[in-house]
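Enquirer: Contents of run21.cif (mmCIF, C-alpha atoms) are below:
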```
data_data
loop_
_atom_site.label_atom_id
_atom_site.label_comp_id
_atom_site.auth_asym_id
_atom_site.auth_seq_id
_atom_site.Cartn_x
_atom_site.Cartn_y
_atom_site.Cartn_z
CA MET M 165 0.00 0.00 0.00
CA THR M 166 1.33 3.42 -0.93
CA LEU M 167 0.83 6.11 1.67
CA ARG M 168 -0.26 9.48 0.37
CA PRO M 169 2.10 12.38 1.18
CA ILE M 170 1.32 14.32 4.35
CA VAL M 171 0.98 17.52 2.30
CA THR M 172 -1.75 15.89 0.20
CA LEU M 173 -3.60 14.72 3.30
CA ASN M 174 -3.31 18.20 4.81
CA GLN M 175 -4.78 19.72 1.69
CA GLU M 176 -7.64 17.23 1.82
CA GLY M 177 -8.58 18.28 5.34
CA TYR M 178 -7.19 15.36 7.36
CA CYS M 179 -6.07 15.84 10.94
CA ILE M 180 -2.82 13.88 10.64
CA LYS M 181 -2.23 13.33 14.36
CA GLU M 182 -5.71 11.78 14.75
CA GLY M 183 -5.77 10.02 11.40
CA ARG M 184 -9.20 11.30 10.41
CA ARG M 185 -11.12 14.22 8.98
CA LEU M 186 -13.14 16.15 11.55
CA SER M 187 -16.70 17.16 10.78
CA GLN M 188 -17.21 20.88 10.33
CA ASN M 189 -19.19 21.13 13.57
CA GLU M 190 -16.42 19.43 15.55
CA LEU M 191 -13.76 21.48 13.77
CA PHE M 192 -15.47 24.80 14.53
CA GLU M 193 -16.26 23.85 18.12
CA ARG M 194 -12.63 22.94 18.77
CA ALA M 195 -11.35 26.07 17.05
CA THR M 196 -13.61 28.36 19.07
CA LYS M 197 -12.52 26.84 22.37
CA ASP M 198 -8.87 26.91 21.31
CA TRP M 199 -9.11 30.61 20.41
CA LEU M 200 -10.86 31.52 23.67
CA GLU M 201 -8.30 29.62 25.74
CA LYS M 202 -5.38 31.24 23.92
CA LEU M 203 -6.97 34.65 24.38
CA TYR M 204 -7.32 33.90 28.09
CA ASN M 205 -3.69 32.76 28.29
CA GLN M 206 -2.48 35.92 26.57
CA ALA M 207 -4.40 38.03 29.09
CA HIS M 208 -2.43 36.35 31.87
CA ASP M 209 0.95 36.76 30.19
CA PRO M 210 2.96 39.18 32.37
CA LEU M 211 4.95 40.55 29.43
CA VAL M 212 3.19 42.92 27.02
CA MET M 213 4.32 45.37 24.36
CA ASN M 214 2.88 48.89 24.49
CA ALA M 215 2.04 51.17 21.56
CA ASP M 216 5.61 52.50 21.51
CA GLY M 217 7.09 49.03 21.08
CA ASP M 218 8.42 48.81 24.63
CA TRP M 219 8.13 45.62 26.69
CA LEU M 220 6.24 46.07 29.96
CA ASP M 221 6.08 43.62 32.84
CA ILE M 222 2.54 43.81 34.28
CA THR M 223 2.02 41.16 36.91
CA ASN M 224 -1.48 41.84 38.28
CA CYS M 225 -2.81 39.01 36.11
CA TYR M 226 0.18 36.73 36.59
CA TYR M 227 -0.34 33.47 38.45
CA SER M 228 2.15 30.66 38.82
CA SER M 229 -0.29 28.11 37.40
CA LYS M 230 -3.63 27.80 35.62
CA GLU M 231 -5.22 26.36 38.75
CA LYS M 232 -4.31 29.45 40.76
CA ALA M 233 -5.53 31.69 37.93
CA LYS M 234 -8.97 30.08 38.15
CA LYS M 235 -9.36 31.48 41.66
CA GLY M 236 -8.13 34.96 40.74
CA LEU M 237 -10.41 37.90 40.00
CA ASN M 238 -8.21 39.56 37.37
CA CYS M 239 -8.22 38.91 33.62
CA GLN M 240 -11.23 36.63 33.51
CA PHE M 241 -14.09 36.06 31.08
CA TYR M 242 -17.44 37.40 32.30
CA SER M 243 -20.94 36.70 31.00
CA ASN M 244 -24.59 36.91 32.01
CA GLY M 245 -25.40 33.83 29.94
CA LYS M 246 -27.18 35.82 27.22
CA GLN M 247 -26.54 36.67 23.59
CA PHE M 248 -26.25 40.42 23.04
CA GLY M 249 -24.47 42.89 20.80
CA ILE M 250 -22.51 46.10 21.20
CA ASP M 251 -25.67 48.11 20.46
CA ASP M 252 -27.26 46.57 23.56
CA ILE M 253 -24.31 47.86 25.61
CA ALA M 254 -24.58 51.29 24.00
CA LYS M 255 -28.23 51.59 25.07
CA GLN M 256 -27.22 51.24 28.72
CA ILE M 257 -24.50 53.90 28.71
CA ASP M 258 -25.15 57.01 30.80
CA LEU M 259 -22.88 59.76 29.46
CA ASN M 260 -23.13 61.62 32.77
CA LYS M 261 -21.48 58.78 34.68
CA SER M 262 -17.91 57.50 34.60
CA GLN M 263 -16.89 54.53 32.51
CA GLU M 264 -16.39 52.50 35.69
CA GLU M 265 -19.86 53.35 37.02
CA ASN M 266 -21.42 52.38 33.71
CA MET M 267 -19.57 49.07 33.59
CA GLN M 268 -20.46 48.22 37.18
CA LYS M 269 -24.13 48.81 36.46
CA MET M 270 -24.08 46.95 33.17
CA MET M 271 -22.30 43.92 34.63
CA GLN M 272 -24.78 43.30 37.40
CA GLY M 273 -25.74 39.65 37.04
CA PHE M 274 -22.47 38.78 35.30
CA SER M 275 -20.17 36.10 36.67
CA ILE M 276 -16.82 34.54 35.80
CA VAL M 277 -17.12 31.88 33.09
CA ARG M 278 -14.66 29.49 31.45
CA PRO M 279 -16.15 28.98 27.98
CA PHE M 280 -13.22 26.95 26.66
CA GLU M 281 -13.90 24.28 29.31
CA GLU M 282 -17.56 23.79 28.41
CA GLU M 283 -18.63 20.66 26.56
CA LYS M 284 -20.21 22.79 23.86
CA ILE M 285 -19.83 26.57 23.44
CA LEU M 286 -21.45 26.92 20.00
CA THR M 287 -25.15 26.79 19.16
CA ASP M 288 -26.53 24.79 16.23
CA ASP M 289 -26.31 28.04 14.23
CA LEU M 290 -22.56 28.24 14.95
CA GLU M 291 -22.87 31.23 17.26
CA LEU M 292 -21.50 31.60 20.78
CA LYS M 293 -24.05 30.48 23.37
CA TYR M 294 -23.47 33.79 25.13
CA SER M 295 -21.56 37.03 24.63
CA LEU M 296 -18.34 37.61 26.55
CA LEU M 297 -16.36 40.33 28.26
CA LEU M 298 -12.66 39.67 28.89
CA GLU M 299 -10.93 41.92 31.41
CA ASP M 300 -7.37 42.90 30.52
CA ARG M 301 -4.34 43.75 32.68
CA LEU M 302 -5.39 47.39 33.03
CA GLY M 303 -8.96 46.66 34.05
CA ASP M 304 -10.44 47.51 30.64
CA PHE M 305 -12.57 45.05 28.68
CA THR M 306 -12.69 43.35 25.31
CA PHE M 307 -16.26 42.65 24.25
CA ILE M 308 -16.85 39.55 22.11
CA PRO M 309 -20.36 39.40 20.58
CA TYR M 310 -22.09 36.07 20.15
CA ASP M 311 -22.28 36.31 16.34
CA ILE M 312 -18.86 35.01 15.37
CA ARG M 313 -18.25 33.80 11.83
CA PHE M 314 -16.47 31.01 10.03
CA ILE M 315 -15.06 31.77 6.59
CA VAL M 316 -13.20 29.93 3.83
CA VAL M 317 -9.64 31.10 3.16
CA GLY M 318 -6.97 30.25 0.64
CA GLY M 319 -9.00 28.88 -2.26
CA ASP M 320 -8.67 25.25 -3.34
CA THR M 321 -5.27 24.59 -1.76
CA GLY M 322 -5.91 26.27 1.58
CA TYR M 323 -3.93 28.84 3.51
CA TYR M 324 -0.43 27.80 4.62
CA SER M 325 0.51 28.97 8.11
CA LYS M 326 3.07 27.87 10.67
CA PHE M 327 0.59 25.18 11.74
CA GLY M 328 0.07 23.74 8.25
CA TYR M 329 -2.76 24.06 5.75
CA SER M 330 -6.00 25.76 6.74
CA VAL M 331 -9.13 25.97 4.62
CA PHE M 332 -11.38 27.58 7.22
CA ALA M 333 -10.85 30.55 9.50
CA LEU M 334 -12.59 31.94 12.56
CA MET M 335 -13.59 35.57 12.02
CA ILE M 336 -14.07 37.69 15.14
CA GLN M 337 -15.45 41.17 15.68
CA LYS M 338 -14.05 42.67 18.89
CA TYR M 339 -14.70 45.92 20.72
CA PHE M 340 -12.44 47.64 23.22
CA ILE M 341 -14.30 49.14 26.20
CA GLU M 342 -12.45 51.38 28.63
CA ASN M 343 -13.21 51.13 32.34
CA ASP M 344 -11.76 54.22 34.00
CA HIS M 345 -13.21 55.93 37.08
CA ASP M 346 -11.88 59.33 35.96
CA PHE M 347 -13.29 59.41 32.42
CA LYS M 348 -16.71 59.23 30.80
CA PHE M 349 -17.69 57.56 27.56
CA LYS M 350 -17.65 59.88 24.56
CA LYS M 351 -20.94 60.45 22.79
CA GLY M 352 -19.30 59.72 19.44
CA THR M 353 -18.07 56.33 20.64
CA VAL M 354 -21.52 55.33 21.87
CA GLU M 355 -23.08 56.44 18.58
CA TYR M 356 -20.58 54.24 16.71
CA TRP M 357 -21.58 51.31 18.88
CA LYS M 358 -25.23 51.87 18.05
CA ASN M 359 -24.36 51.65 14.36
CA LYS M 360 -23.35 48.03 13.86
CA ASP M 361 -22.04 48.70 10.36
CA ASN M 362 -19.56 51.36 11.44
CA LYS M 363 -15.99 50.04 11.53
CA ASN M 364 -14.23 52.90 13.28
CA ASN M 365 -14.47 51.50 16.79
CA HIS M 366 -13.97 47.77 16.37
CA GLU M 367 -11.84 45.32 14.47
CA TYR M 368 -12.33 42.14 12.50
CA ILE M 369 -9.57 39.59 12.87
CA TYR M 370 -9.50 36.19 11.24
CA TYR M 371 -7.67 33.21 12.68
CA PRO M 372 -6.80 30.31 10.34
CA ILE M 373 -8.07 26.95 11.59
CA THR M 374 -5.97 23.81 11.20
CA ASN M 375 -7.44 20.46 10.23
CA CYS M 376 -7.24 19.47 13.91
CA GLY M 377 -9.19 22.49 15.12
CA GLU M 378 -6.35 24.73 16.33
CA VAL M 379 -6.22 28.44 15.54
CA GLU M 380 -3.22 30.54 14.68
CA MET M 381 -3.20 33.67 16.85
CA ARG M 382 -2.71 36.69 14.63
CA TYR M 383 -1.15 38.86 17.36
CA ASP M 384 0.58 36.09 19.23
CA PHE M 385 3.44 37.03 21.56
CA ASP M 386 6.53 35.54 19.94
CA PRO M 387 9.63 37.49 21.01
CA PRO M 388 13.18 36.73 19.85
CA GLY M 389 15.16 34.26 21.92
CA LEU M 390 16.96 37.07 23.73
CA TYR M 391 13.71 38.45 25.13
CA TYR M 392 12.60 34.94 25.95
CA GLN M 393 15.64 34.42 28.17
CA LEU M 394 15.83 37.86 29.78
CA PHE M 395 12.20 38.62 30.50
CA HIS M 396 10.31 35.37 30.63
CA ASP M 397 9.99 32.41 32.92
CA MET M 398 10.21 29.44 30.58
CA GLN M 399 8.52 27.03 32.96
CA TRP M 400 5.51 29.31 33.29
CA ARG M 401 5.28 29.78 29.54
CA ASP M 402 5.61 26.05 28.93
CA GLU M 403 2.68 25.32 31.23
CA TRP M 404 0.44 28.02 29.83
CA HIS M 405 1.20 28.16 26.12
CA ARG M 406 2.53 24.86 24.87
#
```
Please go through the file and, once you have read it, give me the structure as structure tokens.

Expert:
Amino acid sequence: MTLRPIVTLNQEGYCIKEGRRLSQNELFERATKDWLEKLYNQAHDPLVMNADGDWLDITNCYYSSKEKAKKGLNCQFYSNGKQFGIDDIAKQIDLNKSQEENMQKMMQGFSIVRPFEEEKILTDDLELKYSLLLEDRLGDFTFIPYDIRFIVVGGDTGYYSKFGYSVFALMIQKYFIENDHDFKFKKGTVEYWKNKDNKNNHEYIYYPITNCGEVEMRYDFDPPGLYYQLFHDMQWRDEWHR
């Protein structure tokens, strides 16, 4: 029997390490959980690059292990178990109150969730079961609406990334929401949120999906070896990111 080349199998959608082709539902479910877990891990990474390209060591979300991070209050996913969009958040904003006061009011009934550990996070319509807020190191939030998308990339031969060939990609629309006690939301920002089609206040990012349901992080932290040795604890990174 002649074995087909690995490249051919990759292009045909096989997950080589499992020796089978995943169904689209299983592929998308795995990819969504993988992306959410990697996003969570990045939020807990103590080393971050600022807008000026400088490396900062912010440890308020650093824990020595994932188990300890579960019990922490910083850099967690929050949800009220419902599907809602950015326009629903905009309707609750009081421009006379601080960002922090608005967020506290809006998040009443929210609790910490771990969506990447659930048996199933997608609905039959391939949407998130609930919308998510992820707190970052500075106490601000990334809002992830429930209506994520899956797209085809790369044409007939797929998209080649560092993980191999990918035919599908996870497409995410994210919104950055500040949470400062000294500042108020700007009217213009809230108006943008009310207009779902306006692209000035949010970003679409697509993440190629491998045949085994892994996603390639588009803004993954991947410093040169020098930074790895000087600024990072390799044991911690091994446990969290490998």

Enquirer: Restricting the calculation to only C-alpha atoms, which member of M:Cys179, M:Leu191, M:Ile276, M:Ile312 is positioned closest to Ile373 of chain M?

Expert: M:Leu191

Enquirer: Do you know which residues are at most 12 Å from segment 251-267 of chain M counting all atoms listed in the file, after dropping those on the same chain fewer than 6 positions away, and could you put them as a count of residues only?

Expert: 36

Enquirer: Evaluate the PyMOL selection byres ((chain M and resi 208) around 6) and record the selected residues as a PyMOL selection string, following the chain and residue labels used in the document.

Expert: chain M and resi 205-207+209+225-226

Enquirer: Provide the atom CA of Ile250 of chain M to atom CA of Met270 of chain M distance in Å, to one decimal place.

Expert: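 Pair atom CA of Ile250 of chain M / atom CA of Met270 of chain M returns 12.1 Å.
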
Enquirer: Suppose you want the space between atom CA of Phe332 of chain M and atom CA of Glu291 of chain M; what is it in Å?

Expert: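 If I compute the distance from atom CA of Phe332 of chain M to atom CA of Glu291 of chain M, I get 15.7 Å.
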
Enquirer: Would you mind reading off the distance between atom CA of Met381 of chain M and atom CA of Ser243 of chain M, one decimal, in Å?

Expert: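 According to the coordinates, atom CA of Met381 of chain M and atom CA of Ser243 of chain M are separated by 22.9 Å.
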
Enquirer: Taking into account only C-alpha atoms, which residue in the set M:Glu231, M:Tyr294, M:Phe280, M:Val331 is nearest to Trp199 of chain M?

Expert: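 Among the listed residues, M:Phe280 lies closest to Trp199 of chain M.
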
Enquirer: Set the distance at 9 Å and use all atoms listed in the file: which residues neighbour Leu200 of chain M once local chain neighbours fewer than 3 positions away are removed? I'd like the list as a list in words.

Expert: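 These residues fall inside the cut-off: Ala195, Thr196, Lys197, Leu203, Tyr204, Asn205, Arg278, Pro279 and Phe280 of chain M.
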
Enquirer: For the residues in that selection, give me C-alpha atoms as a PDB file, keeping the file's coordinate frame.

Expert:
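Contents of again-v3.pdb, as written:
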```
ATOM      1  CA  ALA M 195     -11.350  26.070  17.050  1.00  0.00           C
ATOM      2  CA  THR M 196     -13.610  28.360  19.070  1.00  0.00           C
ATOM      3  CA  LYS M 197     -12.520  26.840  22.370  1.00  0.00           C
ATOM      4  CA  LEU M 203      -6.970  34.650  24.380  1.00  0.00           C
ATOM      5  CA  TYR M 204      -7.320  33.900  28.090  1.00  0.00           C
ATOM      6  CA  ASN M 205      -3.690  32.760  28.290  1.00  0.00           C
ATOM      7  CA  ARG M 278     -14.660  29.490  31.450  1.00  0.00           C
ATOM      8  CA  PRO M 279     -16.150  28.980  27.980  1.00  0.00           C
ATOM      9  CA  PHE M 280     -13.220  26.950  26.660  1.00  0.00           C
TER      10      PHE M 280
END
```

Enquirer: Between M:Tyr371, M:Glu380, M:Glu282, M:Met271, which has the minimum distance to Ile315 of chain M (counting all atoms listed in the file)?

Expert: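 For Ile315 of chain M, the nearest of the given residues is M:Tyr371.
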